[in-house]
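What follows is the content of query-v3.pdb, which has PDB, C-alpha atoms:
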```
ATOM      1  CA  MET A  24     104.289  12.369 -46.108
ATOM      2  CA  THR A  25     105.789  13.695 -49.326
ATOM      3  CA  GLN A  26     104.163  12.198 -52.393
ATOM      4  CA  ARG A  27     106.451  11.038 -55.169
ATOM      5  CA  ILE A  28     105.258  10.413 -58.680
ATOM      6  CA  ASP A  29     108.154   9.757 -61.023
ATOM      7  CA  ASN A  30     107.055   9.303 -64.610
ATOM      8  CA  ARG A  31     110.624   8.773 -65.801
ATOM      9  CA  THR A  32     111.063   5.440 -64.086
ATOM     10  CA  ARG A  33     107.630   3.904 -64.403
ATOM     11  CA  ARG A  34     106.596   1.861 -67.401
ATOM     12  CA  SER A  35     103.379   2.664 -69.170
ATOM     13  CA  ARG A  36     100.562   0.478 -67.898
ATOM     14  CA  ALA A  37      98.073   1.770 -70.418
ATOM     15  CA  VAL A  38      96.410  -0.862 -72.584
ATOM     16  CA  HIS A  39      94.175  -0.358 -75.561
ATOM     17  CA  ASP A  40      90.448  -0.638 -74.905
ATOM     18  CA  PRO A  41      89.041  -2.902 -77.670
ATOM     19  CA  ALA A  42      85.820  -0.894 -77.611
ATOM     20  CA  LYS A  43      87.694   2.314 -78.421
ATOM     21  CA  PRO A  44      88.931   3.061 -81.958
ATOM     22  CA  VAL A  45      92.692   3.082 -82.451
ATOM     23  CA  SER A  46      94.029   6.634 -82.205
ATOM     24  CA  THR A  47      95.982   7.886 -85.210
ATOM     25  CA  PHE A  48      97.716  10.964 -86.530
ATOM     26  CA  THR A  49      99.127  11.812 -89.940
ATOM     27  CA  ALA A  50     102.660  13.027 -90.631
ATOM     28  CA  PHE A  51     104.575  13.146 -93.920
ATOM     29  CA  GLY A  52     101.445  11.842 -95.613
ATOM     30  CA  LEU A  53     101.472   8.636 -93.578
ATOM     31  CA  ALA A  54      99.071   7.556 -90.835
ATOM     32  CA  ALA A  55     100.619   6.445 -87.549
ATOM     33  CA  GLU A  56      99.007   4.719 -84.586
ATOM     34  CA  ALA A  57      99.324   6.377 -81.184
ATOM     35  CA  GLU A  58      99.974   4.161 -78.184
ATOM     36  CA  PRO A  59      97.429   4.335 -75.326
ATOM     37  CA  LEU A  60      98.169   6.877 -72.579
ATOM     38  CA  ASP A  61      98.278   6.366 -68.834
ATOM     39  CA  PRO A  62      95.487   8.218 -67.019
ATOM     40  CA  GLY A  63      96.439  11.684 -65.835
ATOM     41  CA  LEU A  64      97.304  15.140 -67.080
ATOM     42  CA  HIS A  65      99.680  15.405 -70.045
ATOM     43  CA  VAL A  66     101.066  18.945 -70.477
ATOM     44  CA  VAL A  67     101.927  19.272 -74.164
ATOM     45  CA  ALA A  68     104.114  21.913 -75.820
ATOM     46  CA  THR A  69     102.873  22.941 -79.273
ATOM     47  CA  PRO A  70     104.432  25.060 -82.070
ATOM     48  CA  ILE A  71     104.796  28.814 -81.529
ATOM     49  CA  GLY A  72     104.252  29.462 -85.220
ATOM     50  CA  ASN A  73     105.657  26.826 -87.552
ATOM     51  CA  LEU A  74     103.496  23.702 -87.452
ATOM     52  CA  LYS A  75     106.520  21.574 -88.409
ATOM     53  CA  ASP A  76     108.063  22.220 -84.977
ATOM     54  CA  VAL A  77     105.697  19.809 -83.202
ATOM     55  CA  SER A  78     107.250  16.569 -81.928
ATOM     56  CA  PHE A  79     106.060  13.048 -82.743
ATOM     57  CA  ARG A  80     105.517  12.469 -79.021
ATOM     58  CA  ALA A  81     103.290  15.545 -78.829
ATOM     59  CA  LEU A  82     101.234  14.350 -81.819
ATOM     60  CA  ALA A  83     100.869  10.870 -80.366
ATOM     61  CA  THR A  84      99.786  12.318 -77.015
ATOM     62  CA  LEU A  85      97.222  14.638 -78.569
ATOM     63  CA  ALA A  86      95.856  11.782 -80.685
ATOM     64  CA  ALA A  87      95.613   9.266 -77.831
ATOM     65  CA  ALA A  88      94.190  11.625 -75.182
ATOM     66  CA  ASP A  89      90.524  11.342 -74.293
ATOM     67  CA  THR A  90      90.218  15.134 -74.518
ATOM     68  CA  VAL A  91      92.490  18.076 -75.336
ATOM     69  CA  LEU A  92      92.093  21.049 -72.994
ATOM     70  CA  ALA A  93      92.849  24.131 -75.075
ATOM     71  CA  GLU A  94      93.224  27.819 -74.255
ATOM     72  CA  ASP A  95      91.436  28.657 -77.519
ATOM     73  CA  THR A  96      89.838  25.680 -79.254
ATOM     74  CA  ARG A  97      89.877  27.480 -82.626
ATOM     75  CA  VAL A  98      93.663  27.821 -82.526
ATOM     76  CA  THR A  99      94.287  24.242 -81.406
ATOM     77  CA  ARG A 100      91.775  22.833 -83.899
ATOM     78  CA  THR A 101      93.990  24.156 -86.713
ATOM     79  CA  LEU A 102      96.927  22.134 -85.371
ATOM     80  CA  LEU A 103      94.871  18.967 -84.872
ATOM     81  CA  MET A 104      93.285  19.157 -88.332
ATOM     82  CA  HIS A 105      96.700  19.638 -89.945
ATOM     83  CA  TYR A 106      97.853  16.318 -88.478
ATOM     84  CA  GLY A 107      94.583  14.418 -88.878
ATOM     85  CA  ILE A 108      93.807  14.269 -85.155
ATOM     86  CA  THR A 109      90.145  14.014 -84.148
ATOM     87  CA  THR A 110      90.425  14.140 -80.344
ATOM     88  CA  PRO A 111      87.589  16.198 -78.785
ATOM     89  CA  LEU A 112      88.488  19.729 -77.663
ATOM     90  CA  VAL A 113      87.347  21.454 -74.459
ATOM     91  CA  ALA A 114      88.131  25.071 -73.599
ATOM     92  CA  TYR A 115      90.324  25.636 -70.556
ATOM     93  CA  HIS A 116      91.606  29.197 -70.062
ATOM     94  CA  GLU A 117      92.339  31.857 -67.453
ATOM     95  CA  HIS A 118      88.641  32.369 -66.756
ATOM     96  CA  SER A 119      87.917  28.686 -66.092
ATOM     97  CA  ASN A 120      86.765  28.344 -62.489
ATOM     98  CA  ALA A 121      87.205  25.773 -59.748
ATOM     99  CA  ALA A 122      84.115  23.853 -60.851
ATOM    100  CA  VAL A 123      85.692  23.237 -64.271
ATOM    101  CA  ARG A 124      88.892  21.995 -62.645
ATOM    102  CA  GLU A 125      86.926  19.689 -60.363
ATOM    103  CA  ARG A 126      85.243  18.108 -63.389
ATOM    104  CA  MET A 127      88.598  17.583 -65.083
ATOM    105  CA  ILE A 128      90.085  16.070 -61.927
ATOM    106  CA  ALA A 129      87.107  13.702 -61.614
ATOM    107  CA  ARG A 130      87.556  12.565 -65.205
ATOM    108  CA  MET A 131      91.220  11.766 -64.642
ATOM    109  CA  GLN A 132      90.429   9.965 -61.397
ATOM    110  CA  ASN A 133      88.026   7.839 -63.419
ATOM    111  CA  GLY A 134      90.861   6.758 -65.688
ATOM    112  CA  GLU A 135      90.914   9.339 -68.464
ATOM    113  CA  ALA A 136      94.032  10.887 -69.993
ATOM    114  CA  LEU A 137      93.695  14.629 -70.628
ATOM    115  CA  ALA A 138      96.130  16.710 -72.683
ATOM    116  CA  LEU A 139      96.631  20.358 -71.739
ATOM    117  CA  VAL A 140      97.870  22.840 -74.373
ATOM    118  CA  SER A 141      98.122  26.620 -74.658
ATOM    119  CA  ASP A 142      97.608  28.621 -77.840
ATOM    120  CA  ALA A 143     101.303  28.234 -78.634
ATOM    121  CA  GLY A 144     104.486  27.008 -77.006
ATOM    122  CA  THR A 145     104.901  25.440 -73.600
ATOM    123  CA  PRO A 146     101.805  25.680 -71.358
ATOM    124  CA  LEU A 147     101.978  27.584 -68.040
ATOM    125  CA  VAL A 148     104.672  30.008 -69.290
ATOM    126  CA  SER A 149     102.667  33.265 -69.161
ATOM    127  CA  ASP A 150      99.647  31.089 -69.992
ATOM    128  CA  PRO A 151      96.851  29.532 -67.898
ATOM    129  CA  GLY A 152      97.177  26.027 -66.545
ATOM    130  CA  PHE A 153      99.042  26.298 -63.244
ATOM    131  CA  LYS A 154      95.917  25.843 -61.116
ATOM    132  CA  LEU A 155      94.910  22.668 -62.966
ATOM    133  CA  VAL A 156      98.418  21.199 -62.632
ATOM    134  CA  GLN A 157      98.430  22.094 -58.937
ATOM    135  CA  ALA A 158      95.001  20.527 -58.423
ATOM    136  CA  ALA A 159      96.096  17.343 -60.214
ATOM    137  CA  ILE A 160      99.193  17.026 -58.025
ATOM    138  CA  GLU A 161      97.156  17.579 -54.864
ATOM    139  CA  ALA A 162      94.747  14.850 -55.996
ATOM    140  CA  GLY A 163      97.596  12.386 -56.532
ATOM    141  CA  ILE A 164      97.188  12.423 -60.315
ATOM    142  CA  ALA A 165     100.286  11.957 -62.475
ATOM    143  CA  VAL A 166     101.379  15.052 -64.435
ATOM    144  CA  THR A 167     103.446  14.211 -67.518
ATOM    145  CA  PRO A 168     105.315  17.009 -69.346
ATOM    146  CA  ILE A 169     105.711  16.672 -73.113
ATOM    147  CA  PRO A 170     108.490  19.189 -73.862
ATOM    148  CA  GLY A 171     108.841  21.200 -77.020
ATOM    149  CA  PRO A 172     108.755  24.725 -78.458
ATOM    150  CA  SER A 173     109.125  27.762 -76.197
ATOM    151  CA  ALA A 174     109.189  31.412 -77.266
ATOM    152  CA  VAL A 175     111.469  32.174 -74.305
ATOM    153  CA  MET A 176     114.177  29.705 -75.288
ATOM    154  CA  THR A 177     113.816  30.411 -79.012
ATOM    155  CA  ALA A 178     114.370  34.138 -78.473
ATOM    156  CA  ILE A 179     117.271  33.840 -76.073
ATOM    157  CA  VAL A 180     119.324  31.492 -78.263
ATOM    158  CA  ALA A 181     118.931  33.828 -81.262
ATOM    159  CA  ALA A 182     119.511  37.117 -79.442
ATOM    160  CA  GLY A 183     123.285  36.814 -79.305
ATOM    161  CA  LEU A 184     123.363  37.673 -75.598
ATOM    162  CA  PRO A 185     124.732  35.682 -72.629
ATOM    163  CA  THR A 186     122.641  32.608 -71.817
ATOM    164  CA  ASP A 187     124.480  31.297 -68.758
ATOM    165  CA  ARG A 188     122.093  33.174 -66.472
ATOM    166  CA  PHE A 189     118.756  34.692 -67.436
ATOM    167  CA  PHE A 190     115.526  35.825 -65.804
ATOM    168  CA  PHE A 191     112.105  35.495 -67.423
ATOM    169  CA  GLU A 192     109.791  38.327 -66.418
ATOM    170  CA  GLY A 193     106.810  37.833 -68.704
ATOM    171  CA  PHE A 194     104.750  40.969 -69.337
ATOM    172  CA  LEU A 195     105.657  44.269 -67.663
ATOM    173  CA  PRO A 196     102.946  46.552 -66.190
ATOM    174  CA  GLN A 197     100.996  48.480 -68.814
ATOM    175  CA  LYS A 198     101.340  51.955 -67.268
ATOM    176  CA  SER A 199     104.667  53.745 -67.600
ATOM    177  CA  GLY A 200     105.114  54.588 -63.908
ATOM    178  CA  ALA A 201     104.584  51.036 -62.717
ATOM    179  CA  ARG A 202     106.623  49.711 -65.634
ATOM    180  CA  ARG A 203     109.590  51.926 -64.731
ATOM    181  CA  ASN A 204     109.427  50.812 -61.105
ATOM    182  CA  ARG A 205     109.493  47.194 -62.175
ATOM    183  CA  LEU A 206     112.357  47.812 -64.599
ATOM    184  CA  ALA A 207     114.338  49.429 -61.785
ATOM    185  CA  ALA A 208     113.990  46.252 -59.744
ATOM    186  CA  LEU A 209     114.896  44.072 -62.743
ATOM    187  CA  GLY A 210     117.951  46.220 -63.370
ATOM    188  CA  GLN A 211     119.555  44.807 -60.226
ATOM    189  CA  ILE A 212     119.419  41.229 -61.534
ATOM    190  CA  PRO A 213     122.861  40.081 -62.718
ATOM    191  CA  GLY A 214     121.745  38.282 -65.851
ATOM    192  CA  THR A 215     119.980  38.515 -69.195
ATOM    193  CA  LEU A 216     116.321  39.565 -69.031
ATOM    194  CA  VAL A 217     113.585  38.003 -71.197
ATOM    195  CA  LEU A 218     110.285  39.871 -71.552
ATOM    196  CA  PHE A 219     107.044  39.446 -73.453
ATOM    197  CA  GLU A 220     105.456  42.629 -74.772
ATOM    198  CA  SER A 221     102.381  43.626 -76.748
ATOM    199  CA  PRO A 222     103.389  45.100 -80.129
ATOM    200  CA  HIS A 223     101.519  48.368 -79.590
ATOM    201  CA  ARG A 224     103.311  48.974 -76.272
ATOM    202  CA  LEU A 225     106.779  48.031 -77.544
ATOM    203  CA  PRO A 226     107.999  51.535 -78.573
ATOM    204  CA  GLU A 227     107.168  53.147 -75.215
ATOM    205  CA  MET A 228     108.454  50.141 -73.275
ATOM    206  CA  LEU A 229     111.838  50.415 -75.023
ATOM    207  CA  VAL A 230     111.996  54.116 -74.140
ATOM    208  CA  ASP A 231     111.337  53.294 -70.480
ATOM    209  CA  ALA A 232     113.863  50.450 -70.526
ATOM    210  CA  ALA A 233     116.560  52.678 -72.017
ATOM    211  CA  ALA A 234     115.864  55.371 -69.427
ATOM    212  CA  ILE A 235     115.870  53.055 -66.410
ATOM    213  CA  LEU A 236     118.309  50.285 -67.378
ATOM    214  CA  GLY A 237     120.652  52.449 -69.434
ATOM    215  CA  GLY A 238     120.641  53.102 -73.161
ATOM    216  CA  SER A 239     123.944  51.284 -73.663
ATOM    217  CA  ARG A 240     122.561  47.900 -72.679
ATOM    218  CA  PRO A 241     122.620  45.386 -75.550
ATOM    219  CA  ALA A 242     119.212  44.029 -76.489
ATOM    220  CA  ALA A 243     117.231  42.202 -79.149
ATOM    221  CA  VAL A 244     113.615  42.408 -80.267
ATOM    222  CA  ALA A 245     112.395  39.116 -81.726
ATOM    223  CA  ARG A 246     109.135  39.234 -83.693
ATOM    224  CA  GLU A 247     107.021  36.423 -85.136
ATOM    225  CA  LEU A 248     109.528  33.735 -84.167
ATOM    226  CA  THR A 249     109.465  30.607 -86.409
ATOM    227  CA  LYS A 250     106.862  32.250 -88.672
ATOM    228  CA  LEU A 251     107.133  33.487 -92.257
ATOM    229  CA  TYR A 252     107.994  37.076 -91.315
ATOM    230  CA  GLU A 253     110.343  36.298 -88.425
ATOM    231  CA  THR A 254     112.640  39.238 -87.672
ATOM    232  CA  ILE A 255     115.253  39.780 -84.961
ATOM    233  CA  ARG A 256     116.517  43.323 -84.429
ATOM    234  CA  ARG A 257     119.671  43.670 -82.357
ATOM    235  CA  GLY A 258     121.330  46.755 -80.912
ATOM    236  CA  THR A 259     121.420  48.812 -77.749
ATOM    237  CA  LEU A 260     118.257  49.773 -75.900
ATOM    238  CA  ALA A 261     118.785  53.369 -77.043
ATOM    239  CA  THR A 262     119.096  52.487 -80.741
ATOM    240  CA  LEU A 263     116.179  50.044 -80.618
ATOM    241  CA  ALA A 264     114.018  52.616 -78.832
ATOM    242  CA  GLU A 265     114.873  55.163 -81.524
ATOM    243  CA  THR A 266     114.196  52.671 -84.326
ATOM    244  CA  PHE A 267     110.739  51.657 -83.113
ATOM    245  CA  ALA A 268     109.842  55.256 -82.223
ATOM    246  CA  GLU A 269     110.401  56.114 -85.886
ATOM    247  CA  GLU A 270     108.858  52.964 -87.375
ATOM    248  CA  GLY A 271     105.966  52.647 -84.957
ATOM    249  CA  ALA A 272     104.551  49.530 -83.361
ATOM    250  CA  PRO A 273     105.316  46.288 -85.216
ATOM    251  CA  LYS A 274     102.818  43.537 -85.972
ATOM    252  CA  GLY A 275     102.835  40.076 -84.443
ATOM    253  CA  GLU A 276     104.082  38.548 -81.222
ATOM    254  CA  VAL A 277     107.174  40.056 -79.612
ATOM    255  CA  VAL A 278     109.875  38.829 -77.230
ATOM    256  CA  VAL A 279     112.455  41.294 -75.892
ATOM    257  CA  VAL A 280     115.846  40.099 -74.629
ATOM    258  CA  ILE A 281     118.020  42.536 -72.658
ATOM    259  CA  GLY A 282     121.630  41.865 -71.726
ATOM    260  CA  THR A 283     123.562  43.143 -68.746
ATOM    261  CA  ASN A 284     125.586  46.359 -68.815
ATOM    262  CA  LEU A 285     128.861  45.869 -70.642
ATOM    263  CA  GLU A 286     130.405  48.532 -68.438
ATOM    264  CA  GLU A 287     130.103  48.931 -64.689
ATOM    265  CA  PRO A 288     127.402  51.582 -64.126
ATOM    266  CA  PRO A 289     128.228  54.677 -62.091
ATOM    267  CA  GLU A 290     127.662  54.295 -58.362
ATOM    268  CA  GLU A 291     124.951  56.940 -58.372
ATOM    269  CA  GLU A 292     123.077  55.040 -61.091
ATOM    270  CA  VAL A 293     123.211  51.841 -59.028
ATOM    271  CA  GLU A 294     121.948  53.715 -55.955
ATOM    272  CA  ALA A 295     119.128  55.324 -57.949
ATOM    273  CA  GLY A 296     118.053  51.936 -59.281
ATOM    274  CA  LEU A 297     118.127  50.424 -55.801
ATOM    275  CA  ASP A 298     116.095  53.314 -54.400
ATOM    276  CA  ALA A 299     113.487  52.916 -57.153
ATOM    277  CA  ALA A 300     113.195  49.196 -56.418
ATOM    278  CA  ILE A 301     112.831  49.829 -52.683
ATOM    279  CA  GLU A 302     110.228  52.571 -53.178
ATOM    280  CA  ALA A 303     108.203  50.326 -55.467
ATOM    281  CA  ALA A 304     108.284  47.557 -52.844
ATOM    282  CA  LEU A 305     107.409  49.962 -50.013
ATOM    283  CA  SER A 306     104.237  50.975 -51.862
ATOM    284  CA  ARG A 307     102.917  47.425 -51.362
ATOM    285  CA  HIS A 308     104.754  45.971 -48.360
ATOM    286  CA  SER A 309     106.038  46.759 -44.893
ATOM    287  CA  ILE A 310     109.620  48.002 -44.494
ATOM    288  CA  LYS A 311     110.826  44.573 -43.374
ATOM    289  CA  ASP A 312     109.094  42.674 -46.180
ATOM    290  CA  ALA A 313     110.084  45.251 -48.814
ATOM    291  CA  ALA A 314     113.736  45.047 -47.784
ATOM    292  CA  ALA A 315     113.671  41.252 -47.900
ATOM    293  CA  LEU A 316     112.089  41.181 -51.369
ATOM    294  CA  VAL A 317     114.511  43.729 -52.847
ATOM    295  CA  ALA A 318     117.521  42.045 -51.232
ATOM    296  CA  ASP A 319     116.511  38.682 -52.714
ATOM    297  CA  ALA A 320     115.914  40.217 -56.152
ATOM    298  CA  THR A 321     119.113  42.267 -56.297
ATOM    299  CA  GLY A 322     121.583  40.191 -54.319
ATOM    300  CA  GLN A 323     122.371  43.199 -52.098
ATOM    301  CA  PRO A 324     122.998  42.524 -48.381
ATOM    302  CA  ARG A 325     119.681  42.526 -46.518
ATOM    303  CA  ARG A 326     120.968  44.814 -43.758
ATOM    304  CA  VAL A 327     122.058  47.395 -46.347
ATOM    305  CA  VAL A 328     118.700  47.314 -48.123
ATOM    306  CA  TYR A 329     116.811  47.481 -44.812
ATOM    307  CA  ALA A 330     118.803  50.515 -43.671
ATOM    308  CA  ARG A 331     118.110  52.285 -46.958
ATOM    309  CA  ALA A 332     114.418  51.343 -46.779
ATOM    310  CA  LEU A 333     114.199  52.971 -43.334
ATOM    311  CA  VAL A 334     115.643  56.187 -44.750
ATOM    312  CA  LEU A 335     113.278  56.243 -47.717
ATOM    313  CA  ALA A 336     110.242  55.407 -45.550
ATOM    314  CA  ARG A 337     111.035  58.267 -43.166
ATOM    315  CA  ARG A 338     111.529  60.642 -46.091
ATOM    316  CA  THR A 339     108.130  59.659 -47.469
ATOM    317  CA  ASP A 340     106.468  60.153 -44.083
ATOM    318  CA  ALA A 341     108.065  63.579 -43.758
ATOM    319  CA  ASP A 342     106.770  64.610 -47.173
ATOM    320  CA  VAL A 343     103.192  63.640 -46.335
TER     321      VAL A 343
END
```
Re-express the file's structure as structure tokens.
Amino acid sequence: MTQRIDNRTRRSRAVHDPAKPVSTFTAFGLAAEAEPLDPGLHVVATPIGNLKDVSFRALATLAAADTVLAEDTRVTRTLLMHYGITTPLVAYHEHSNAAVRERMIARMQNGEALALVSDAGTPLVSDPGFKLVQAAIEAGIAVTPIPGPSAVMTAIVAAGLPTDRFFFEGFLPQKSGARRNRLAALGQIPGTLVLFESPHRLPEMLVDAAAILGGSRPAAVARELTKLYETIRRGTLATLAETFAEEGAPKGEVVVVIGTNLEEPPEEEVEAGLDAAIEAALSRHSIKDAAALVADATGQPRRVVYARALVLARRTDADV
């Protein structure tokens, strides 16, 4: 039987425990009381840089929770102290094991409300937390999203590129060969691409992107979004690659947004990109599975991709 937990239509049943102090937070120099929370997991978006971007609902949730599960307690403590929140912090990150999750699940089953945050932005987007959310759902525990800041959405609305269809990739592989293979597959997606990248790898990543996706593609590099030194550089992949090759790696957190080709690429370029995507898939999957994955990613007919995969697989076998 499919389980349905709909937080939108249920009224809060939480009541204040007289033995527990009233939860408060401070905003605009005034103290506000936070209403009690229903038991369960509350996934809270926090600022990506500017502390003023936090919502009142997020503050109330963090104040009323029994515990805040934080990727890095030092980072989250800064946010809580700024708003006068004294909720206990517990570390929950990518290295937290099943035993930790079991303890958190047990606490929520015993009636506690836990708030989950990442270092910045919306949790689970290139951040840990998925396994805890999955475990809570499997245990029948309500998961309540508290929406808010997101580096992905902030970058894409400021990039000046089409937003009607976009694909979030996260971080590309660190090594150039694997990165180029992945870019070849992404090049078949008919929409704007959104990537995270480490500052020190940005110059070489832009070179690879220009080489594989085409230097004429429009793009934007957003750095330190919502922070004091926020900068957004716009141009083509070729000009951005040249700029950062000369200037060197920037400082701070980076989001790269890449638009689609303004002009229809030559047929041979499309074929080369498709071949690169198929070869990358063949290195990890069978011919059938590789063809299915590439067809789904590129929108190309599966029979066409499968036929080309057969050719490439035979060519590889002949070269061995």
Assuming the chain letters and numbering stay as they are in my file, what does the PyMOL selection byres ((chain A and resi 195) around 8) actually select? List them as a CSV table (one decimal) with C-alpha atoms, keeping the file's coordinate frame.
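Just written: result-v1.csv:
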```
chain,number,residue,atom,x,y,z
A,192,GLU,CA,109.8,38.3,-66.4
A,193,GLY,CA,106.8,37.8,-68.7
A,194,PHE,CA,104.8,41.0,-69.3
A,196,PRO,CA,102.9,46.6,-66.2
A,197,GLN,CA,101.0,48.5,-68.8
A,202,ARG,CA,106.6,49.7,-65.6
A,205,ARG,CA,109.5,47.2,-62.2
A,218,LEU,CA,110.3,39.9,-71.6
A,219,PHE,CA,107.0,39.4,-73.5
A,220,GLU,CA,105.5,42.6,-74.8
```
Could you expand the PyMOL selection byres ((chain A and resi 95-98) around 10) into the explicit residues it covers here, written as a ChimeraX atom specification? /A:91-94,99-103,111-116,140-143
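The shell of residues at most 10 Å from Ala268 in chain A, with all atoms listed in the file counted and near chain neighbours (fewer than 3 positions) removed, consists of Leu225, Pro226, Glu227, Leu229, Val230, Thr262, Leu263, Ala264, Glu265, Gly271 and Ala272 of chain A.
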Spatial neighbours of Leu248 in chain A, 9 Å, only C-alpha atoms, chain gap at least 3 places, as a count of residues only: 15
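Each of A:Val45, A:Ala320, A:Ile310, A:Val244 was compared to Leu333 in chain A using all atoms listed in the file, and A:Ile310 turns out to be the nearest.
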Here CA of Leu216 in chain A and CA of Ala232 in chain A stand apart by 11.3 Å
Considering only C-alpha atoms, can you say which of A:Ala57, A:Ala136, A:Ala242, A:Ala295 comes closest to Gly282 in chain A? A:Ala242
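Residues with any atom within 12 Å of Glu56 in chain A, counting all atoms listed in the file and excluding same-chain neighbours fewer than 3 positions away, are His39, Pro44, Val45, Ser46, Thr47, Phe48, Thr49, Ala50, Leu53, Pro59, Phe79, Arg80, Leu82, Ala83, Thr84, Leu85, Ala86, Ala87, Gly107 and Ile108 of chain A.
Of the residues listed (A:Leu64, A:Thr266, A:Leu297, A:Gly144), A:Leu297 shows the shortest atom-to-atom separation from Pro324 in chain A; distances use only C-alpha atoms.
Considering all atoms listed in the file, the residue among A:Thr283, A:Met127, A:Ala182, A:Ser239 positioned nearest to Thr215 in chain A is A:Thr283.
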What residues come out when you apply the PyMOL selection byres ((chain A and resi 210) around 9) to this file, written as a PyMOL selection string? chain A and resi 205-209+211-213+216+235-236+283+293+296-297+300+321
